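So the structure is just underneath, and the comments pick up after that.
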Amino acid sequence: MRNVLALGTVLVLFSAAAPAGAGEGPPGELKVGFGQSDITPPVGAMMTGAGIPVSVRTDDPLFARTLVVQSGDRTMAVVGVDLVKIRLDLADAAIAEASERTGIDRDAVMICPSHNHSSPFVPMGGPNNKDYLSALPGLIADSIEQAHKALQPARMFLGRSLVYEGHHNRRVVSKADGMALNTWLN
């Protein structure tokens with residue numbers, strides 16, 4: 001439910017405020033495309049965690065998954081990457097490369113790491129996965145380009161529903177001051 005609301009919010013915000021990109025359709029026509037590229041590090045890569053463990057195998061691949069949305073002359077890309085974090089220089093390089101390949105405005109690309117603790121180590125300095133990190137921006141740009149090439153007409157519907165079970169927000173709002181309390185930290 002949270003993902004649907006987030007996508008709906010992104011699309012509504014996109015239609016109101018996204019900067020001009022490489023859109024080609026008539027005003028009001030909505031197009032959507034999806035792309036995915038494998039960003040799994042090689043065996044032997046340093047991984048996130050205590051003591052900087054080294055990868056010995058791959059159980060599940062890591063991906064960069066992209067949604068590109070176009071409406072009239074506006075185009076926007078939202079990229080989810082299966083990483084604990086992404087450095088600004090790597091994100092900027094991926095966005096620059098994707099912008100060059102697709103014409104999407106640099107300010108209309110958002111890269112969002114999932115904060116996956118089973119992902120490669122992405123430090124600012126010191127020991128690092130130099131070869132992997134140098135290839136990462138291109139792999140992310142591949143996903144954006146793939147989604148851009150896959151654009152096709154789409155329709156958007158919004159809806160809502162009450163969910164009574166299955167979700168638990170671990171914070172309680174205090175009646176006294178309206179602040180959220182972390183109930184697991186006593």
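Scheme for the structure tokens: letters A, B, ... for chains in order shown; per-chain residue numbers from 1; ligand numbers from 1 in order shown.
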Shell of 9 Å around Ala45 of chain A, only C-alpha atoms, local chain residues under 4 positions omitted, as a list in words: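 The contact residues come out as Pro41, Pro53, Val54, Ser55, Val56, Pro120, Phe121, Asn128, Asn129 and Tyr132 of chain A.
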Which of segment 16-151 of chain A fall in strand (DSSP E or B), as a count of residues only: 36
Rounded to one decimal, what separation in Å do you get between atom CA of Ala154 of chain A and atom CA of Phe34 of chain A? 11.9 Å
Leaving out Ser37 of chain A and any residue of its chain fewer than 6 positions from it, which residues lie within 7 Å of it when counting only C-alpha atoms, given as a PyMOL selection string? chain A and resi 63-65+139-140+142-143
Who sits within 12 Å of Leu88 of chain A, only C-alpha atoms, same chain under 4 positions skipped, as a CSV table (one decimal) with N, CA, C and O atoms, in the first residue's frame:
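Output saved as result-v3.csv:
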```
chain,number,residue,atom,x,y,z
A,92,ASP,N,25.7,11.2,-9.3
A,92,ASP,CA,25.9,12.2,-10.3
A,92,ASP,C,26.4,11.7,-11.6
A,92,ASP,O,25.9,12.1,-12.7
A,93,ALA,N,27.3,10.7,-11.6
A,93,ALA,CA,27.9,10.1,-12.8
A,93,ALA,C,26.8,9.3,-13.5
A,93,ALA,O,26.7,9.4,-14.7
A,94,ALA,N,26.0,8.6,-12.8
A,94,ALA,CA,24.9,7.8,-13.4
A,94,ALA,C,23.9,8.7,-14.0
A,94,ALA,O,23.4,8.4,-15.1
A,95,ILE,N,23.5,9.8,-13.3
A,95,ILE,CA,22.5,10.7,-13.9
A,95,ILE,C,23.1,11.4,-15.1
A,95,ILE,O,22.4,11.5,-16.1
A,96,ALA,N,24.3,11.8,-15.1
A,96,ALA,CA,24.9,12.5,-16.2
A,96,ALA,C,24.9,11.6,-17.5
A,96,ALA,O,24.6,12.0,-18.6
A,110,MET,N,15.9,10.6,-10.1
A,110,MET,CA,16.0,10.4,-8.7
A,110,MET,C,16.5,8.9,-8.5
A,110,MET,O,15.9,8.0,-9.0
A,111,ILE,N,17.6,8.8,-7.7
A,111,ILE,CA,18.2,7.5,-7.4
A,111,ILE,C,18.0,7.2,-6.0
A,111,ILE,O,18.4,8.0,-5.1
A,112,CYS,N,17.3,6.1,-5.7
A,112,CYS,CA,16.9,5.8,-4.3
A,112,CYS,C,17.5,4.4,-3.8
A,112,CYS,O,17.0,3.4,-4.3
A,113,PRO,N,18.5,4.4,-3.0
A,113,PRO,CA,19.0,3.1,-2.5
A,113,PRO,C,18.0,2.5,-1.5
A,113,PRO,O,17.3,3.2,-0.7
A,122,VAL,N,30.4,0.6,-0.1
A,122,VAL,CA,30.4,1.8,-0.9
A,122,VAL,C,31.0,3.0,-0.1
A,122,VAL,O,30.3,3.9,0.3
A,123,PRO,N,32.3,2.9,0.3
A,123,PRO,CA,32.9,3.9,1.1
A,123,PRO,C,33.3,5.2,0.3
A,123,PRO,O,33.4,5.2,-0.9
A,124,MET,N,33.6,6.2,1.1
A,124,MET,CA,34.1,7.5,0.5
A,124,MET,C,35.6,7.3,0.2
A,124,MET,O,36.1,8.0,-0.7
A,137,PRO,N,27.9,3.4,-12.1
A,137,PRO,CA,27.1,4.4,-12.8
A,137,PRO,C,26.6,4.0,-14.2
A,137,PRO,O,25.4,4.3,-14.5
```
Go through A:Gly159, A:Gly49, A:Gly28, A:Gly33 one by one, measure the shortest atom-to-atom distance of each to Asn116 of chain A using only C-alpha atoms, and give the residue with the smallest value. A:Gly49
Residue with smallest distance to Ala91 of chain A - pool A:Met179, A:Leu133, A:Leu151, A:Ala50, counting only C-alpha atoms: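 For Ala91 of chain A, the nearest of the given residues is A:Leu133.
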Given only C-alpha atoms as the basis, pick out the residue of A:Gly35, A:Gly126, A:Gly178, A:Gly103 nearest to Asp73 of chain A. A:Gly103
Residues near Arg155 of chain A, anyone? I mean within 9 Å using only C-alpha atoms, not counting same-chain ones fewer than 5 positions away, as number ranges by chain. A: 29-32
Once DSSP has gone over the backbone, tell me which residues of segment 123-179 of chain A are in alpha helix (DSSP H), as a list in words.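 Reading the DSSP output for segment 123-179 of chain A, alpha helix (DSSP H) covers Lys130, Asp131, Tyr132, Leu133, Ser134, Ala135, Leu136, Pro137, Gly138, Leu139, Ile140, Ala141, Asp142, Ser143, Ile144, Glu145, Gln146, Ala147, His148 and Lys149 of chain A.
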Residues near Asp59 of chain A, anyone? I mean within 12 Å using only C-alpha atoms, not counting same-chain ones fewer than 5 positions away, as number ranges by chain. A: 40-41, 43, 118-119
Which residues come within 8 Å of Ile144 of chain A, counting only C-alpha atoms, excluding same-chain residues fewer than 2 positions away, as a short mmCIF file (atom, residue, chain, number, x, y, z; two decimals) with C-alpha atoms, in the first residue's frame?
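The file below, part.cif, is the result:
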```cif
data_model
loop_
_atom_site.label_atom_id
_atom_site.label_comp_id
_atom_site.auth_asym_id
_atom_site.auth_seq_id
_atom_site.Cartn_x
_atom_site.Cartn_y
_atom_site.Cartn_z
CA GLY A 35 13.92 -1.00 -16.98
CA GLN A 36 16.19 -3.19 -14.92
CA THR A 66 13.76 2.18 -13.10
CA LEU A 67 10.40 3.77 -13.76
CA VAL A 68 10.41 6.45 -16.46
CA ALA A 77 13.08 8.72 -13.94
CA VAL A 79 15.54 4.46 -9.88
CA ALA A 98 21.63 8.62 -18.40
CA ILE A 140 22.40 2.37 -13.38
CA ALA A 141 22.31 4.42 -16.60
CA ASP A 142 21.59 1.18 -18.52
CA GLN A 146 16.13 0.67 -20.98
CA ALA A 147 13.08 2.18 -19.24
CA HIS A 148 13.19 5.24 -21.53
#
```
Distance atom CA of Thr58 of chain A-atom CA of Pro42 of chain A, one decimal place?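 Spanning atom CA of Thr58 of chain A to atom CA of Pro42 of chain A is a straight-line distance of 8.4 Å.
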